[in-house]
$ cat work.pdb   # PDB, C-alpha atoms
ATOM      1  CA  MET A 577     132.554  83.740 -49.423
ATOM      2  CA  ALA A 578     130.771  86.870 -48.249
ATOM      3  CA  SER A 579     129.572  87.082 -44.683
ATOM      4  CA  ALA A 580     125.852  86.903 -44.018
ATOM      5  CA  GLY A 581     125.845  90.227 -42.212
ATOM      6  CA  PRO A 582     127.119  91.853 -39.092
ATOM      7  CA  THR A 583     127.396  89.648 -36.024
ATOM      8  CA  ASP A 584     125.746  90.530 -32.746
ATOM      9  CA  GLU A 585     129.035  91.875 -31.438
ATOM     10  CA  GLU A 586     129.461  94.062 -34.515
ATOM     11  CA  LYS A 587     125.907  95.368 -34.136
ATOM     12  CA  THR A 588     126.553  96.127 -30.478
ATOM     13  CA  LEU A 589     129.822  97.778 -31.363
ATOM     14  CA  MET A 590     128.189  99.966 -34.018
ATOM     15  CA  GLU A 591     125.376 100.900 -31.616
ATOM     16  CA  LEU A 592     127.853 101.833 -28.874
ATOM     17  CA  GLN A 593     129.943 103.823 -31.317
ATOM     18  CA  ASP A 594     126.835 105.715 -32.506
ATOM     19  CA  ARG A 595     125.788 106.432 -28.918
ATOM     20  CA  LEU A 596     129.320 107.581 -28.080
ATOM     21  CA  LEU A 597     129.363 109.946 -31.069
ATOM     22  CA  ALA A 598     125.878 111.311 -30.316
ATOM     23  CA  SER A 599     126.727 111.903 -26.654
ATOM     24  CA  THR A 600     129.963 113.659 -27.550
ATOM     25  CA  GLN A 601     128.202 115.921 -30.043
ATOM     26  CA  THR A 602     125.420 116.717 -27.580
ATOM     27  CA  LEU A 603     127.960 117.497 -24.880
ATOM     28  CA  ALA A 604     129.824 119.884 -27.187
ATOM     29  CA  ARG A 605     126.551 121.633 -28.129
ATOM     30  CA  LEU A 606     125.543 121.996 -24.471
ATOM     31  CA  ASN A 607     128.959 123.394 -23.558
ATOM     32  CA  GLN A 608     128.683 125.963 -26.356
ATOM     33  CA  GLN A 609     125.189 126.992 -25.257
ATOM     34  CA  ASP A 610     126.405 127.264 -21.653
ATOM     35  CA  ARG A 611     129.277 129.543 -22.685
ATOM     36  CA  MET A 612     126.940 131.748 -24.734
ATOM     37  CA  ALA A 613     124.421 132.029 -21.899
ATOM     38  CA  LEU A 614     127.163 132.805 -19.384
ATOM     39  CA  THR A 615     128.519 135.545 -21.662
ATOM     40  CA  ARG A 616     125.034 137.040 -22.030
ATOM     41  CA  LYS A 617     124.543 136.968 -18.263
ATOM     42  CA  GLN A 618     127.896 138.644 -17.615
ATOM     43  CA  ARG A 619     127.188 141.319 -20.237
ATOM     44  CA  THR A 620     123.780 142.035 -18.715
ATOM     45  CA  GLU A 621     125.228 142.161 -15.178
ATOM     46  CA  LEU A 622     127.843 144.662 -16.352
ATOM     47  CA  THR A 623     125.139 146.782 -17.999
ATOM     48  CA  LEU A 624     123.061 146.633 -14.828
ATOM     49  CA  SER A 625     125.976 147.711 -12.634
ATOM     50  CA  GLU A 626     126.617 150.676 -14.950
ATOM     51  CA  LEU A 627     122.929 151.606 -14.938
ATOM     52  CA  LYS A 628     122.804 151.637 -11.148
ATOM     53  CA  GLN A 629     125.523 154.286 -11.102
ATOM     54  CA  LEU A 630     123.381 156.661 -13.178
ATOM     55  CA  PRO A 631     121.080 159.180 -11.493
ATOM     56  CA  ASP A 632     117.359 158.356 -11.564
ATOM     57  CA  GLY A 633     116.505 161.069 -14.110
ATOM     58  CA  ALA A 634     119.182 160.019 -16.603
ATOM     59  CA  ARG A 635     118.087 159.347 -20.163
ATOM     60  CA  THR A 636     118.590 155.728 -21.067
ATOM     61  CA  TYR A 637     118.129 153.924 -24.323
ATOM     62  CA  LYS A 638     117.504 150.272 -24.960
ATOM     63  CA  SER A 639     118.497 148.426 -28.073
ATOM     64  CA  ILE A 640     115.814 146.708 -30.095
ATOM     65  CA  GLY A 641     117.424 145.148 -33.113
ATOM     66  CA  LYS A 642     119.492 147.866 -34.783
ATOM     67  CA  ALA A 643     117.500 150.726 -33.284
ATOM     68  CA  TYR A 644     117.731 152.434 -29.888
ATOM     69  CA  PHE A 645     114.634 153.656 -28.088
ATOM     70  CA  LEU A 646     114.362 156.054 -25.166
ATOM     71  CA  SER A 647     113.286 154.210 -22.044
ATOM     72  CA  SER A 648     113.146 154.978 -18.338
ATOM     73  CA  LYS A 649     116.043 153.808 -16.215
ATOM     74  CA  ASP A 650     113.694 151.766 -14.024
ATOM     75  CA  ASN A 651     112.304 149.962 -17.063
ATOM     76  CA  VAL A 652     115.780 149.085 -18.368
ATOM     77  CA  VAL A 653     116.913 147.932 -14.890
ATOM     78  CA  THR A 654     113.799 145.762 -14.495
ATOM     79  CA  GLU A 655     114.288 144.209 -17.928
ATOM     80  CA  SER A 656     117.970 143.577 -17.198
ATOM     81  CA  GLN A 657     117.134 141.853 -13.915
ATOM     82  CA  ALA A 658     114.557 139.709 -15.701
ATOM     83  CA  ILE A 659     117.125 138.759 -18.337
ATOM     84  CA  ILE A 660     119.646 137.807 -15.640
ATOM     85  CA  ALA A 661     117.069 135.628 -13.864
ATOM     86  CA  SER A 662     116.019 133.986 -17.128
ATOM     87  CA  VAL A 663     119.578 133.306 -18.260
ATOM     88  CA  SER A 664     120.512 131.986 -14.802
ATOM     89  CA  SER A 665     117.712 129.431 -14.953
ATOM     90  CA  GLU A 666     118.745 128.571 -18.523
ATOM     91  CA  ILE A 667     122.322 127.985 -17.356
ATOM     92  CA  ASP A 668     121.092 125.747 -14.540
ATOM     93  CA  ALA A 669     118.988 123.722 -16.994
ATOM     94  CA  LEU A 670     121.895 123.399 -19.435
ATOM     95  CA  ARG A 671     124.212 122.210 -16.672
ATOM     96  CA  ALA A 672     121.641 119.640 -15.532
ATOM     97  CA  GLN A 673     121.351 118.389 -19.123
ATOM     98  CA  ARG A 674     125.127 118.299 -19.395
ATOM     99  CA  ASN A 675     125.348 116.158 -16.243
ATOM    100  CA  VAL A 676     122.841 113.696 -17.718
ATOM    101  CA  VAL A 677     124.750 113.512 -21.007
ATOM    102  CA  GLU A 678     128.083 113.069 -19.194
ATOM    103  CA  THR A 679     126.571 110.189 -17.207
ATOM    104  CA  LYS A 680     125.298 108.547 -20.416
ATOM    105  CA  LEU A 681     128.692 109.081 -22.036
ATOM    106  CA  LYS A 682     130.481 107.391 -19.130
ATOM    107  CA  GLU A 683     128.022 104.479 -19.199
ATOM    108  CA  THR A 684     128.591 104.032 -22.928
ATOM    109  CA  GLN A 685     132.361 104.108 -22.437
ATOM    110  CA  VAL A 686     132.090 101.456 -19.712
ATOM    111  CA  GLU A 687     129.904  99.256 -21.952
ATOM    112  CA  LEU A 688     132.406  99.648 -24.783
ATOM    113  CA  ARG A 689     135.302  98.750 -22.487
ATOM    114  CA  GLU A 690     133.428  95.664 -21.237
ATOM    115  CA  LEU A 691     132.714  94.567 -24.807
ATOM    116  CA  VAL A 692     136.363  94.956 -25.795
ATOM    117  CA  ASN A 693     137.573  93.149 -22.660
ATOM    118  CA  ALA A 694     135.129  90.286 -23.252
ATOM    119  CA  ASN A 695     136.236  89.836 -26.851
ATOM    120  CA  PRO A 696     139.604  91.312 -27.875
ATOM    121  CA  ALA A 697     138.790  90.733 -31.560
ATOM    122  CA  VAL A 698     136.184  93.484 -31.226
ATOM    123  CA  LEU A 699     139.004  95.960 -30.524
ATOM    124  CA  ALA A 700     140.417  95.395 -34.012
ATOM    125  CA  GLN A 701     136.950  95.902 -35.505
ATOM    126  CA  PHE A 702     136.487  99.073 -33.455
ATOM    127  CA  ARG A 703     139.805 100.460 -34.655
ATOM    128  CA  SER A 704     139.015  99.646 -38.277
ATOM    129  CA  MET A 705     135.575 101.295 -37.934
ATOM    130  CA  SER A 706     137.090 104.372 -36.273
ATOM    131  CA  ALA A 707     139.608 104.792 -39.076
ATOM    132  CA  ARG A 708     136.872 105.155 -41.693
TER     133      ARG A 708
END
$ encode --input "work.pdb" --output "structure tokens"
Amino acid sequence: MASAGPTDEEKTLMELQDRLLASTQTLARLNQQDRMALTRKQRTELTLSELKQLPDGARTYKSIGKAYFLSSKDNVVTESQAIIASVSSEIDALRAQRNVVETKLKETQVELRELVNANPAVLAQFRSMSAR
């Protein structure tokens, strides 16, 4: 005889598994964005340190897409400092988001552990669902 549908425990298990998967994916995306922003910041800081070594009258060029345009050193330095400030705030925001997602992930793991400890039969269901 076929079952009438998923039990409450199975529904809870599926919901927790979905939340666990979503949190893990979000955490991976945030980590990737953090690495990219950190690389951009480091590259801009290196460019800025090299620019500061140049004399004030030096010809500088800035890249816009695939083209390079003549620009004053002061303009390039100002833009680089603005980029560093912007990326720094972006990194801070990403790390704050990551902390929130990590907290949600830990809460979901605790809920899953409690569900499995309360009903060991759920562990077998969880393993069979994970194997799919």
$ resolve_selection --input "work.pdb" --expression "the PyMOL selection byres ((chain A and resi 646-655) around 10)" --output "NGL selection string"
:A and (620 or 623-625 or 627-628 or 630-639 or 644-645 or 656-661)
$ resolve_selection --input "work.pdb" --expression "the PyMOL selection byres ((chain A and resi 600-602) around 10)" --output "PDB file with C-alpha atoms, keeping the file's coordinate frame"
ATOM      1  CA  ASP A 594     126.835 105.715 -32.506  1.00  0.00           C
ATOM      2  CA  ARG A 595     125.788 106.432 -28.918  1.00  0.00           C
ATOM      3  CA  LEU A 596     129.320 107.581 -28.080  1.00  0.00           C
ATOM      4  CA  LEU A 597     129.363 109.946 -31.069  1.00  0.00           C
ATOM      5  CA  ALA A 598     125.878 111.311 -30.316  1.00  0.00           C
ATOM      6  CA  SER A 599     126.727 111.903 -26.654  1.00  0.00           C
ATOM      7  CA  LEU A 603     127.960 117.497 -24.880  1.00  0.00           C
ATOM      8  CA  ALA A 604     129.824 119.884 -27.187  1.00  0.00           C
ATOM      9  CA  ARG A 605     126.551 121.633 -28.129  1.00  0.00           C
ATOM     10  CA  LEU A 606     125.543 121.996 -24.471  1.00  0.00           C
ATOM     11  CA  ASN A 607     128.959 123.394 -23.558  1.00  0.00           C
ATOM     12  CA  GLN A 608     128.683 125.963 -26.356  1.00  0.00           C
ATOM     13  CA  GLN A 673     121.351 118.389 -19.123  1.00  0.00           C
ATOM     14  CA  ARG A 674     125.127 118.299 -19.395  1.00  0.00           C
ATOM     15  CA  VAL A 677     124.750 113.512 -21.007  1.00  0.00           C
ATOM     16  CA  GLU A 678     128.083 113.069 -19.194  1.00  0.00           C
ATOM     17  CA  LYS A 680     125.298 108.547 -20.416  1.00  0.00           C
ATOM     18  CA  LEU A 681     128.692 109.081 -22.036  1.00  0.00           C
TER      19      LEU A 681
END
$ atom_distance --input "work.pdb" --atom1 "CA of Glu666 (chain A)" --atom2 "CA of Thr615 (chain A)"
12.4 Å
$ atom_distance --input "work.pdb" --atom1 "CA of Gln609 (chain A)" --atom2 "CA of Ser662 (chain A)"
14.1 Å
$ closest_residue --input "work.pdb" --among "A:Asn693, A:Gln629, A:Thr583, A:Ser665" --to "Asp610 (chain A)" --atoms "all atoms listed in the file"
A:Ser665
$ closest_residue --input "work.pdb" --among "A:Leu622, A:Arg611, A:Leu592, A:Glu586" --to "Ile667 (chain A)" --atoms "all atoms listed in the file"
A:Arg611
$ closest_residue --input "work.pdb" --among "A:Glu591, A:Asp668, A:Glu621, A:Glu585" --to "Val692 (chain A)" --atoms "all atoms listed in the file"
A:Glu585
$ atom_distance --input "work.pdb" --atom1 "CA of Gly641 (chain A)" --atom2 "CA of Arg619 (chain A)"
16.6 Å
$ decode --input "work.pdb" --residues "region 622-633 of chain A" --atoms "all heavy atoms" --output "short mmCIF file (atom, residue, chain, number, x, y, z; two decimals), in the first residue's frame"
data_model
loop_
_atom_site.label_atom_id
_atom_site.label_comp_id
_atom_site.auth_asym_id
_atom_site.auth_seq_id
_atom_site.Cartn_x
_atom_site.Cartn_y
_atom_site.Cartn_z
N LEU A 622 48.44 48.27 -5.20
CA LEU A 622 49.74 48.15 -5.85
C LEU A 622 49.90 49.24 -6.92
O LEU A 622 50.95 49.89 -7.01
CB LEU A 622 49.90 46.77 -6.48
CG LEU A 622 51.20 46.50 -7.23
CD1 LEU A 622 52.39 46.65 -6.30
CD2 LEU A 622 51.17 45.13 -7.86
N THR A 623 48.86 49.45 -7.70
CA THR A 623 48.89 50.50 -8.73
C THR A 623 49.10 51.86 -8.08
O THR A 623 49.90 52.68 -8.55
CB THR A 623 47.58 50.50 -9.54
OG1 THR A 623 47.42 49.21 -10.15
CG2 THR A 623 47.58 51.57 -10.61
N LEU A 624 48.40 52.11 -6.99
CA LEU A 624 48.51 53.38 -6.29
C LEU A 624 49.92 53.60 -5.73
O LEU A 624 50.48 54.70 -5.84
CB LEU A 624 47.48 53.45 -5.17
CG LEU A 624 47.32 54.77 -4.44
CD1 LEU A 624 46.93 55.88 -5.41
CD2 LEU A 624 46.27 54.64 -3.35
N SER A 625 50.50 52.55 -5.19
CA SER A 625 51.87 52.70 -4.65
C SER A 625 52.87 52.98 -5.77
O SER A 625 53.81 53.75 -5.59
CB SER A 625 52.28 51.46 -3.87
OG SER A 625 52.45 50.35 -4.72
N GLU A 626 52.65 52.39 -6.94
CA GLU A 626 53.53 52.66 -8.09
C GLU A 626 53.32 54.08 -8.61
O GLU A 626 54.27 54.75 -9.00
CB GLU A 626 53.29 51.64 -9.20
CG GLU A 626 53.73 50.23 -8.86
CD GLU A 626 55.23 50.11 -8.67
OE1 GLU A 626 56.00 50.74 -9.44
OE2 GLU A 626 55.65 49.38 -7.75
N LEU A 627 52.08 54.53 -8.61
CA LEU A 627 51.79 55.89 -9.07
C LEU A 627 52.43 56.95 -8.18
O LEU A 627 52.89 57.98 -8.66
CB LEU A 627 50.27 56.12 -9.12
CG LEU A 627 49.53 55.56 -10.31
CD1 LEU A 627 48.03 55.70 -10.11
CD2 LEU A 627 49.95 56.27 -11.59
N LYS A 628 52.45 56.68 -6.89
CA LYS A 628 53.00 57.67 -5.95
C LYS A 628 54.51 57.85 -6.14
O LYS A 628 55.06 58.87 -5.75
CB LYS A 628 52.67 57.28 -4.52
CG LYS A 628 51.20 57.50 -4.20
CD LYS A 628 50.88 57.22 -2.75
CE LYS A 628 49.40 57.52 -2.50
NZ LYS A 628 49.03 57.27 -1.11
N GLN A 629 55.15 56.86 -6.73
CA GLN A 629 56.59 56.95 -6.97
C GLN A 629 56.90 57.81 -8.20
O GLN A 629 58.03 58.25 -8.37
CB GLN A 629 57.19 55.56 -7.16
CG GLN A 629 57.11 54.70 -5.91
CD GLN A 629 57.61 53.29 -6.16
OE1 GLN A 629 58.17 52.99 -7.22
NE2 GLN A 629 57.42 52.42 -5.19
N LEU A 630 55.92 58.03 -9.05
CA LEU A 630 56.13 58.82 -10.27
C LEU A 630 56.17 60.32 -9.95
O LEU A 630 55.50 60.77 -9.02
CB LEU A 630 55.00 58.56 -11.27
CG LEU A 630 54.88 57.16 -11.84
CD1 LEU A 630 53.64 57.06 -12.71
CD2 LEU A 630 56.12 56.80 -12.64
N PRO A 631 56.94 61.07 -10.73
CA PRO A 631 56.93 62.53 -10.53
C PRO A 631 55.56 63.10 -10.92
O PRO A 631 54.80 62.49 -11.67
CB PRO A 631 58.03 63.04 -11.45
CG PRO A 631 58.28 61.94 -12.42
CD PRO A 631 57.88 60.66 -11.76
N ASP A 632 55.26 64.29 -10.41
CA ASP A 632 53.93 64.88 -10.65
C ASP A 632 53.63 65.14 -12.12
O ASP A 632 52.50 65.05 -12.55
CB ASP A 632 53.79 66.19 -9.85
CG ASP A 632 53.65 65.92 -8.36
OD1 ASP A 632 53.22 64.81 -8.01
OD2 ASP A 632 53.97 66.83 -7.56
N GLY A 633 54.62 65.44 -12.93
CA GLY A 633 54.38 65.74 -14.34
C GLY A 633 54.37 64.52 -15.24
O GLY A 633 54.26 64.66 -16.45
#
